[in-house]
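Participant: Quick one: the structure is below, questions incoming.
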Amino acid sequence: MAIAVKIQSFIEGSSWIRKMFEEGERLRKIHGADKIYDFTLGNPNVEPPPEFAEEFRKIALNPLPGMHRYMSNAGYAESREAVAEVLAEASGLEVKGAHVIMTTGASGALNAALKTILNPGEEVIILAPYFVDYKFYIDNHGGVPRVVWTDRETFQLDIPAIEAAINEKTRALLICSPNNPTGVIYPAASLQKLGEMVRRKERELERQIYVISDEPYSRIVYDGIELPHIFTYLDNSVIVTSHSKDLALPGERIGYLAANPQMTHVEMFMEGAVVANRVLGFINAPALMQRLVAKLQRASVDIAAYQEKRDILYHYLTEMGFRMTRPAGAFYLFPHSPLADDVEFVKLAQKHHLLLVPGTGFGAPGFFRIAYCVDKEMIERSLPAWRNLAREVGI
């Protein structure tokens, strides 16, 4: 075989999201782009907030000497301190720049965190439905993913199930709130119970258990809900995130890793994460983007526009008979599949020029994902196709 057996298996089990996007490209060539309703990719269709262009212009017209040279592997001090200031305000803790590493997006941050903590064969609990690449990232560092389901109707934390999965090999729990693919938010009461349970298991097993919070959607929250801060409830917690969604910068690959200052051996963890960031080949986050996002930690895209799209789709699809939990954040809907086989349902939707992602791609057969970070006009044009699909499947 020309390539590694493991990579060959990864190709065969690769992302349904990309598969469906590629199918969309094929269909657009046949029917025309305006006749295809593509809800596959979580790729923001909005532009960055005005503050981004303003800061970009400033730095382009007034370049700093040496601004494109190497810097500390952890990133520029001013960028780390800007992130820390906002985290400290949100959590009420003394988060410092020393607790932050600027990274090449959330995936870079998550890989650095996992490389720092995992020994071969140790387990990381992931919650279904989950972002598919979590399994690959855990495997990258010799870990073993252990899947635990959330509640299958509400997608909220099933804390007894998580507790039952924790054992002497458990090294970390990986959560995502607001969640991809469900859009749910874990409330403060759930995080408090989770924290109490994790601390009890740490004492019982005499073992430090990390909780890694994947938070690229943390500013995309609706209905006046306030997102509870993970640092408040779990001492041994790590935030991994990016500005792909909140600043609409997915192609810039800029994010950060932040450790709870109350973490046991936090200085050692941060030293390890800096080394991991370097030896993984990320080295450091892009210099220009670090400079820019340092000034944008309180900025965000227009959340109201996403909420309007959520409301349109949720209203019409539930009226048609599709069953789903109303998301409180992110920009996804995750309905139950009207057919037992979600892959077959997604294929049937293609007949109506609707491009969706089967729940199987998120470890959740029987569901499908809709990404509504698309033009409102496309959503409105798609509604007759949704009605025809609903009739065909008998709902």
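Within each chain, counting starts at residue 1; across the structure tokens, chains are named A, B, ... in the order shown, with ligands numbered 1 upward in that order.
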Using only C-alpha atoms, which residues of region 288-386 of chain A come within 7 Å of region 177-196 of chain A, and what is the closest atom pair for each, with the distance in Å to one decimal? Give it as CSV, sorted by chain and residue number.

Facilitator:
residue,atom,partner,partner_atom,distance
A:Pro327,CA,A:Gly183,CA,4.5
A:Ala328,CA,A:Val184,CA,5.4
A:Gly329,CA,A:Gly183,CA,5.0
A:Ala330,CA,A:Gly183,CA,5.2
A:Phe331,CA,A:Gly183,CA,6.6
A:Tyr332,CA,A:Gly183,CA,5.7
A:Leu333,CA,A:Thr182,CA,6.0
A:Phe334,CA,A:Thr182,CA,5.1
A:Arg369,CA,A:Pro181,CA,6.5

Participant: Contacts of Tyr210 (chain A) at 7 Å or less, counting only C-alpha atoms, minus same-chain residues fewer than 4 places along, as a VMD selection string?

Facilitator: chain A and resid 171 to 173 236 to 237

Participant: Using only C-alpha atoms, I'd like a table of the residues in region 287-386 of chain A that come within 12 Å of region 253-277 of chain A; for each, show the closest atom pair and its distance in Å rounded to one decimal, ordered by chain and ascending number, as a tab-separated table.

Facilitator:
residue	atom	partner	partner_atom	distance
A:Ala287	CA	A:Ile254	CA	9.6
A:Leu288	CA	A:Ile254	CA	9.8
A:Met289	CA	A:Ile254	CA	6.5
A:Gln290	CA	A:Ile254	CA	7.2
A:Arg291	CA	A:Ile254	CA	10.6
A:Leu292	CA	A:Ile254	CA	10.1
A:Val293	CA	A:Ile254	CA	8.3
A:Ala294	CA	A:Gly255	CA	10.8
A:Gln297	CA	A:Gly255	CA	11.1

Participant: Go ahead and write the selection's residues with C-alpha atoms as a short mmCIF file (atom, residue, chain, number, x, y, z; two decimals), in the first residue's frame.

Facilitator:
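Result saved to part.cif:
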data_model
loop_
_atom_site.label_atom_id
_atom_site.label_comp_id
_atom_site.auth_asym_id
_atom_site.auth_seq_id
_atom_site.Cartn_x
_atom_site.Cartn_y
_atom_site.Cartn_z
CA ALA A 287 1.78 36.88 13.55
CA LEU A 288 -0.51 39.30 11.73
CA MET A 289 -3.68 37.68 13.00
CA GLN A 290 -2.36 37.68 16.56
CA ARG A 291 -1.89 41.44 16.33
CA LEU A 292 -5.36 41.95 14.92
CA VAL A 293 -7.44 39.77 17.25
CA ALA A 294 -5.72 41.28 20.28
CA GLN A 297 -11.61 40.39 21.92
#

Participant: Which is closer to Pro250 (chain A) than all the others in A:Arg69, A:Asn43, A:Thr232, A:Gly321, using only C-alpha atoms?

Facilitator: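 Ranking A:Arg69, A:Asn43, A:Thr232, A:Gly321 by distance to Pro250 (chain A), first place goes to A:Asn43.
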
Participant: Run DSSP on the backbone of this structure and report the residues of region 112-357 of chain A it assigns to strand (DSSP E or B), as a PyMOL selection string.

Facilitator: chain A and resi 123-128+144-149+170-176+210-214+221+237-242+255-259+329+332-333+336+354-355+357

Participant: Could those residues be written to a file, using C-alpha atoms, as a PDB file, in the first residue's frame?

Facilitator:
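Written output follows (again.pdb):
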ATOM      1  CA  GLU A 123      -8.964   7.567  27.358  1.00  0.00           C
ATOM      2  CA  VAL A 124     -10.731  10.776  26.404  1.00  0.00           C
ATOM      3  CA  ILE A 125     -14.504  10.824  26.844  1.00  0.00           C
ATOM      4  CA  ILE A 126     -16.353  12.504  23.968  1.00  0.00           C
ATOM      5  CA  LEU A 127     -20.063  13.191  23.979  1.00  0.00           C
ATOM      6  CA  ALA A 128     -22.308  12.070  21.139  1.00  0.00           C
ATOM      7  CA  VAL A 144      -8.444   6.198  22.969  1.00  0.00           C
ATOM      8  CA  PRO A 145     -11.830   7.901  22.438  1.00  0.00           C
ATOM      9  CA  ARG A 146     -14.644   6.692  24.684  1.00  0.00           C
ATOM     10  CA  VAL A 147     -18.068   7.777  23.425  1.00  0.00           C
ATOM     11  CA  VAL A 148     -20.839   8.647  25.872  1.00  0.00           C
ATOM     12  CA  TRP A 149     -24.246   9.771  24.671  1.00  0.00           C
ATOM     13  CA  THR A 170      -9.620   8.316  31.900  1.00  0.00           C
ATOM     14  CA  ARG A 171      -7.458  11.362  31.253  1.00  0.00           C
ATOM     15  CA  ALA A 172      -9.932  13.923  29.935  1.00  0.00           C
ATOM     16  CA  LEU A 173     -13.511  14.774  29.051  1.00  0.00           C
ATOM     17  CA  LEU A 174     -14.098  16.835  25.911  1.00  0.00           C
ATOM     18  CA  ILE A 175     -17.210  19.030  25.748  1.00  0.00           C
ATOM     19  CA  CYS A 176     -18.517  21.618  23.270  1.00  0.00           C
ATOM     20  CA  TYR A 210      -9.030  17.369  32.612  1.00  0.00           C
ATOM     21  CA  VAL A 211     -12.177  18.869  31.114  1.00  0.00           C
ATOM     22  CA  ILE A 212     -11.428  20.413  27.721  1.00  0.00           C
ATOM     23  CA  SER A 213     -14.043  22.873  26.506  1.00  0.00           C
ATOM     24  CA  ASP A 214     -14.158  23.419  22.730  1.00  0.00           C
ATOM     25  CA  VAL A 221     -25.696  32.663  21.729  1.00  0.00           C
ATOM     26  CA  SER A 237     -10.325  22.839  32.778  1.00  0.00           C
ATOM     27  CA  VAL A 238      -8.883  24.049  29.489  1.00  0.00           C
ATOM     28  CA  ILE A 239     -10.535  26.219  26.854  1.00  0.00           C
ATOM     29  CA  VAL A 240      -9.682  25.606  23.199  1.00  0.00           C
ATOM     30  CA  THR A 241     -11.237  27.960  20.704  1.00  0.00           C
ATOM     31  CA  SER A 242     -10.866  29.963  17.511  1.00  0.00           C
ATOM     32  CA  GLY A 255      -7.395  30.862  18.081  1.00  0.00           C
ATOM     33  CA  TYR A 256      -6.066  30.155  21.529  1.00  0.00           C
ATOM     34  CA  LEU A 257      -5.681  27.671  24.364  1.00  0.00           C
ATOM     35  CA  ALA A 258      -6.351  28.892  27.913  1.00  0.00           C
ATOM     36  CA  ALA A 259      -5.819  26.999  31.162  1.00  0.00           C
ATOM     37  CA  GLY A 329     -26.446  28.873  20.096  1.00  0.00           C
ATOM     38  CA  TYR A 332     -26.914  24.388  13.379  1.00  0.00           C
ATOM     39  CA  LEU A 333     -30.176  22.473  13.637  1.00  0.00           C
ATOM     40  CA  HIS A 336     -34.458  13.567  13.951  1.00  0.00           C
ATOM     41  CA  LEU A 354     -31.313  19.908  -0.427  1.00  0.00           C
ATOM     42  CA  LEU A 355     -27.790  19.155   0.776  1.00  0.00           C
ATOM     43  CA  VAL A 357     -25.212  15.975   6.551  1.00  0.00           C
TER      44      VAL A 357
END

Participant: Please indicate the distance in Å from CA of Glu377 (chain A) to CA of Val343 (chain A), rounded to one decimal place.

Facilitator: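 That distance, rounded to one decimal, is 26.9 Å.
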
Participant: Could you list, as a list of chain:residue names, every residue within 10 Å of Arg152 (chain A), counting only C-alpha atoms and ignoring same-chain residues fewer than 3 positions away?

Facilitator: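 Those residues are A:Ala128, A:Pro129, A:Trp149, A:Phe155, A:Gln156, A:Leu157, A:Asp158, A:Thr325, A:His336, A:Ala364.
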
Participant: Would you save the residues of that selection, restricted to N, CA and C atoms, as a tab-separated table (two decimals), in the first residue's frame?

Facilitator:
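Below you can see out_33.tsv, which holds the result:
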chain	number	residue	atom	x	y	z
A	128	ALA	N	-21.55	12.16	22.38
A	128	ALA	CA	-22.31	12.07	21.14
A	128	ALA	C	-23.60	12.87	21.27
A	129	PRO	N	-23.95	13.58	20.18
A	129	PRO	CA	-23.23	13.74	18.91
A	129	PRO	C	-21.96	14.58	19.09
A	149	TRP	N	-23.14	9.01	25.24
A	149	TRP	CA	-24.25	9.77	24.67
A	149	TRP	C	-24.76	10.82	25.64
A	155	PHE	N	-30.21	16.53	24.17
A	155	PHE	CA	-28.76	16.61	23.96
A	155	PHE	C	-28.04	17.27	25.14
A	156	GLN	N	-28.67	17.28	26.31
A	156	GLN	CA	-28.02	17.79	27.51
A	156	GLN	C	-27.14	16.71	28.13
A	157	LEU	N	-26.26	17.13	29.03
A	157	LEU	CA	-25.31	16.22	29.66
A	157	LEU	C	-26.04	15.11	30.42
A	158	ASP	N	-25.61	13.88	30.20
A	158	ASP	CA	-26.08	12.74	31.00
A	158	ASP	C	-24.95	12.44	31.99
A	325	THR	N	-34.69	19.62	18.68
A	325	THR	CA	-34.47	20.49	19.83
A	325	THR	C	-34.13	21.89	19.32
A	336	HIS	N	-34.32	15.01	14.12
A	336	HIS	CA	-34.46	13.57	13.95
A	336	HIS	C	-34.70	13.28	12.47
A	364	ALA	N	-24.01	9.91	15.41
A	364	ALA	CA	-25.41	9.96	15.85
A	364	ALA	C	-26.36	9.53	14.74
